[in-house]
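**Q** Quick one: the structure is below, and I'll ask about it shortly.
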Amino acid sequence: MRDTSDELVTTSDNSVVVAATWRAVEVWLDGVRHNGGDFSEETANTYSYHIAKFRWYCDRIGVSPVDWNQAHANAFITFLRDLPAECLCRKIESGRTRKGPDGSEQPLLRFAKADEPGYTPFRTTPSAGSRDDILRCIRALFNTLHEDGIIRRNPMARVKTRKSRRLNAERSLDLDLYAYVVEYLNALPVVDDNAARLRARDQFAFVALRELGLRASELVGARMRDVYPLTDPKTARTYWILRVDDEHAKGSKGRDVPMTRSVFEELMTYRGAFGLTAVPEPGEDYGLLLSVQTKKVAIGSRLVTEAKSRRYFRAWASITSRKSLYLIVKNRLDQVAVSLERNNRGSEAAQLREVSPHWLRHTFAKALIVRGRDIRVVAESLGHASVTTTMAYTRQSALDQIREYVKDSDDLATQGAKPIE
């Protein structure tokens, strides 16, 4: 980044300065991507989303990062907190339809793409936690620009954010409600092949998140070839394993995750809906989560362009972003919530609308703890670098204090204790 800094100092052409600034930002992101340690490809991707929002805002106000001051930083914080409605990405018709609750065909909407009118990188108003994440990222960027001499003062130096969000073990899905969701998805009517594919894929994704404890980034980053058989030499039994690679695991901590019977059965059903063999084949390069859209495919020297022909050749595109998986889960849960409301189960519907893909990971962890699994095994299953993180699911610290206290005292408050008269 020093070379970029020299160019910024010696030029007087503002357009060159702006272009060089954004090149410096790209170099910084590339450094994050190859930093190692706690960083990973997924970390860089997340930073890229934050930088896209920042750059869009800079273009909106017409001020390059090299010209920012404290006032610009304050205005950006206010903008994120009170995002104007016109700054949300516009939804447009996708050209496809689906049956609504009353049986009528309703147009499916999608967010505008970067090259379409109405596009912005903001699909929703950032939550408090998301705002902190964005500001931490931008502050780190300005720190680097300042250290490299590209800017004289860091406009974000005085900006304070809350500490990184800690694991909240309470954000998990009731197991009975989870079972209801699975039953609901399984009973959805299938009106055509695409609906069958979507239902099977979405049900597999939902069950995999819950029963394998995966992060969203790990599920969308996996390929079909990452599902493989492993034989236990002691028992000669063969099990199916999902390999989470270092590139998509948090902290570059990859791991092998044994697949439950129900997850594997969902996978076989889902693959069948897409016209694939029931069991993944070695070297299969499909993404683990497939899109019903197709991608370019060449047969010899001929490029296949018709969607019908591409489907015939199983040229499926893949779901590769956490945002896409988030929307898949949220849209399905919203459908189930509507069903619950019709059955006068409003409180359960409200809970379901709070659920995100990460809630299912917490549900997985708490279920293992309740079943008495060794804390170290649970930590390994979740890909935690330390069992200290996993202990948030156990309240182990409080239990240790209680057990130590009652060795020589019996005056701790207990549930069901009689009130003092």
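We name chains A, B, ... following the order of the structure tokens; residues begin at 1 in each chain, and ligands are numbered from 1 as shown.
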So which residues of range 194-363 of chain A fall under strand (DSSP E) by DSSP, listed as JSON, numbers by chain?
**A** {"A": [227, 228, 229, 230, 231, 238, 239, 240, 241, 242, 243, 244, 255, 256, 257, 258, 290, 291, 292, 293, 294, 297, 298, 299, 302, 303, 304, 316, 317, 318]}
**Q** Please extract the residues of range 159-332 of chain A with a backbone DSSP assignment of alpha helix (DSSP H) and present them as a PyMOL selection string.
**A** chain A and resi 175-186+193-212+216-221+261-273+307-312+322-332
**Q** For C-alpha atoms, I'd like the residues from the last selection saved as a short mmCIF file (atom, residue, chain, number, x, y, z; two decimals), in the first residue's frame.
**A**
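What landed in again39.cif:
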data_model
loop_
_atom_site.label_atom_id
_atom_site.label_comp_id
_atom_site.auth_asym_id
_atom_site.auth_seq_id
_atom_site.Cartn_x
_atom_site.Cartn_y
_atom_site.Cartn_z
CA LEU A 175 -37.45 -28.48 19.49
CA ASP A 176 -41.20 -29.04 19.21
CA LEU A 177 -41.47 -25.95 17.04
CA TYR A 178 -38.53 -27.18 14.95
CA ALA A 179 -40.37 -30.48 14.37
CA TYR A 180 -43.48 -28.53 13.33
CA VAL A 181 -41.48 -26.60 10.72
CA VAL A 182 -40.06 -29.81 9.25
CA GLU A 183 -43.53 -31.39 9.09
CA TYR A 184 -44.96 -28.25 7.48
CA LEU A 185 -42.26 -28.15 4.79
CA ASN A 186 -42.67 -31.84 4.10
CA ASP A 193 -40.68 -29.56 -10.77
CA ASN A 194 -39.22 -26.26 -9.63
CA ALA A 195 -41.43 -26.19 -6.54
CA ALA A 196 -40.33 -29.75 -5.74
CA ARG A 197 -36.67 -28.78 -6.08
CA LEU A 198 -37.06 -25.70 -3.90
CA ARG A 199 -38.95 -27.54 -1.18
CA ALA A 200 -36.41 -30.36 -1.04
CA ARG A 201 -33.44 -28.00 -1.02
CA ASP A 202 -34.90 -25.68 1.61
CA GLN A 203 -35.84 -28.58 3.86
CA PHE A 204 -32.33 -30.03 3.57
CA ALA A 205 -30.78 -26.64 4.40
CA PHE A 206 -33.02 -26.20 7.44
CA VAL A 207 -32.35 -29.69 8.81
CA ALA A 208 -28.60 -29.46 8.08
CA LEU A 209 -28.27 -26.18 10.00
CA ARG A 210 -30.08 -27.67 13.00
CA GLU A 211 -28.54 -31.16 13.08
CA LEU A 212 -24.97 -30.41 12.01
CA ALA A 216 -24.29 -20.19 7.38
CA SER A 217 -20.91 -19.48 5.74
CA GLU A 218 -19.92 -23.13 6.16
CA LEU A 219 -23.09 -24.48 4.57
CA VAL A 220 -22.99 -22.19 1.52
CA GLY A 221 -19.25 -22.75 1.15
CA ARG A 261 -29.36 -40.19 9.38
CA SER A 262 -32.11 -37.60 8.93
CA VAL A 263 -29.75 -35.08 7.31
CA PHE A 264 -28.42 -37.68 4.90
CA GLU A 265 -31.92 -38.82 3.98
CA GLU A 266 -32.88 -35.20 3.30
CA LEU A 267 -29.75 -34.84 1.15
CA MET A 268 -30.66 -37.91 -0.93
CA THR A 269 -34.23 -36.68 -1.44
CA TYR A 270 -32.99 -33.23 -2.38
CA ARG A 271 -30.43 -34.57 -4.86
CA GLY A 272 -33.09 -36.72 -6.46
CA ALA A 273 -35.30 -33.65 -6.96
CA ALA A 307 -32.61 -23.26 -19.78
CA LYS A 308 -34.42 -26.51 -20.57
CA SER A 309 -31.28 -28.01 -22.11
CA ARG A 310 -29.15 -26.80 -19.21
CA ARG A 311 -31.49 -28.51 -16.77
CA TYR A 312 -31.17 -31.68 -18.83
CA ARG A 322 -24.96 -16.12 3.41
CA LYS A 323 -27.54 -13.51 2.43
CA SER A 324 -29.19 -15.97 0.04
CA LEU A 325 -29.31 -18.68 2.69
CA TYR A 326 -30.66 -16.18 5.23
CA LEU A 327 -33.50 -15.24 2.88
CA ILE A 328 -34.27 -18.90 2.11
CA VAL A 329 -34.63 -19.70 5.82
CA LYS A 330 -36.52 -16.51 6.71
CA ASN A 331 -38.99 -16.84 3.82
CA ARG A 332 -39.81 -20.45 4.72
#
**Q** Between A:Asn69, A:Met259, A:Gly129, A:Arg243, which is the closest to Val159 in chain A once you count only C-alpha atoms?
**A**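 When distances to Val159 in chain A are compared using only C-alpha atoms, the smallest one comes from A:Asn69.
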**Q** Tell me which of A:His72, A:Phe122, A:Ala278, A:Phe111 sits closest to Ala85 in chain A, counting only C-alpha atoms.
**A**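 Smallest separation from Ala85 in chain A among the options: A:Phe122.
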**Q** Taking 3 positions as the minimum chain separation for residues in the same chain, which residues sit within 10 Å of Trp68 in chain A when counting only C-alpha atoms? Answer as a ChimeraX atom specification.
**A** /A:58,63-65,71-73,142,151,153-156
**Q** Can you pull out the residues contacting range 229-237 of chain A? Cut-off 10 Å, using only C-alpha atoms, and skip same-chain residues under 4 positions away; I want them as a VMD selection string.
**A** chain A and resid 241 to 242 258 280 282
**Q** With distances taken over only C-alpha atoms, which of A:Asn344, A:Thr21, A:Ser172, A:Ser130 is nearest to Ala365 in chain A?
**A**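 Of A:Asn344, A:Thr21, A:Ser172, A:Ser130, the one nearest Ala365 in chain A, counting only C-alpha atoms, is A:Ser172.
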**Q** Give the answer as one residue: which of A:Asp82, A:Glu284, A:Asp67, A:Glu247 has the shortest atom-to-atom distance to His34 in chain A, using only C-alpha atoms?
**A** A:Glu247
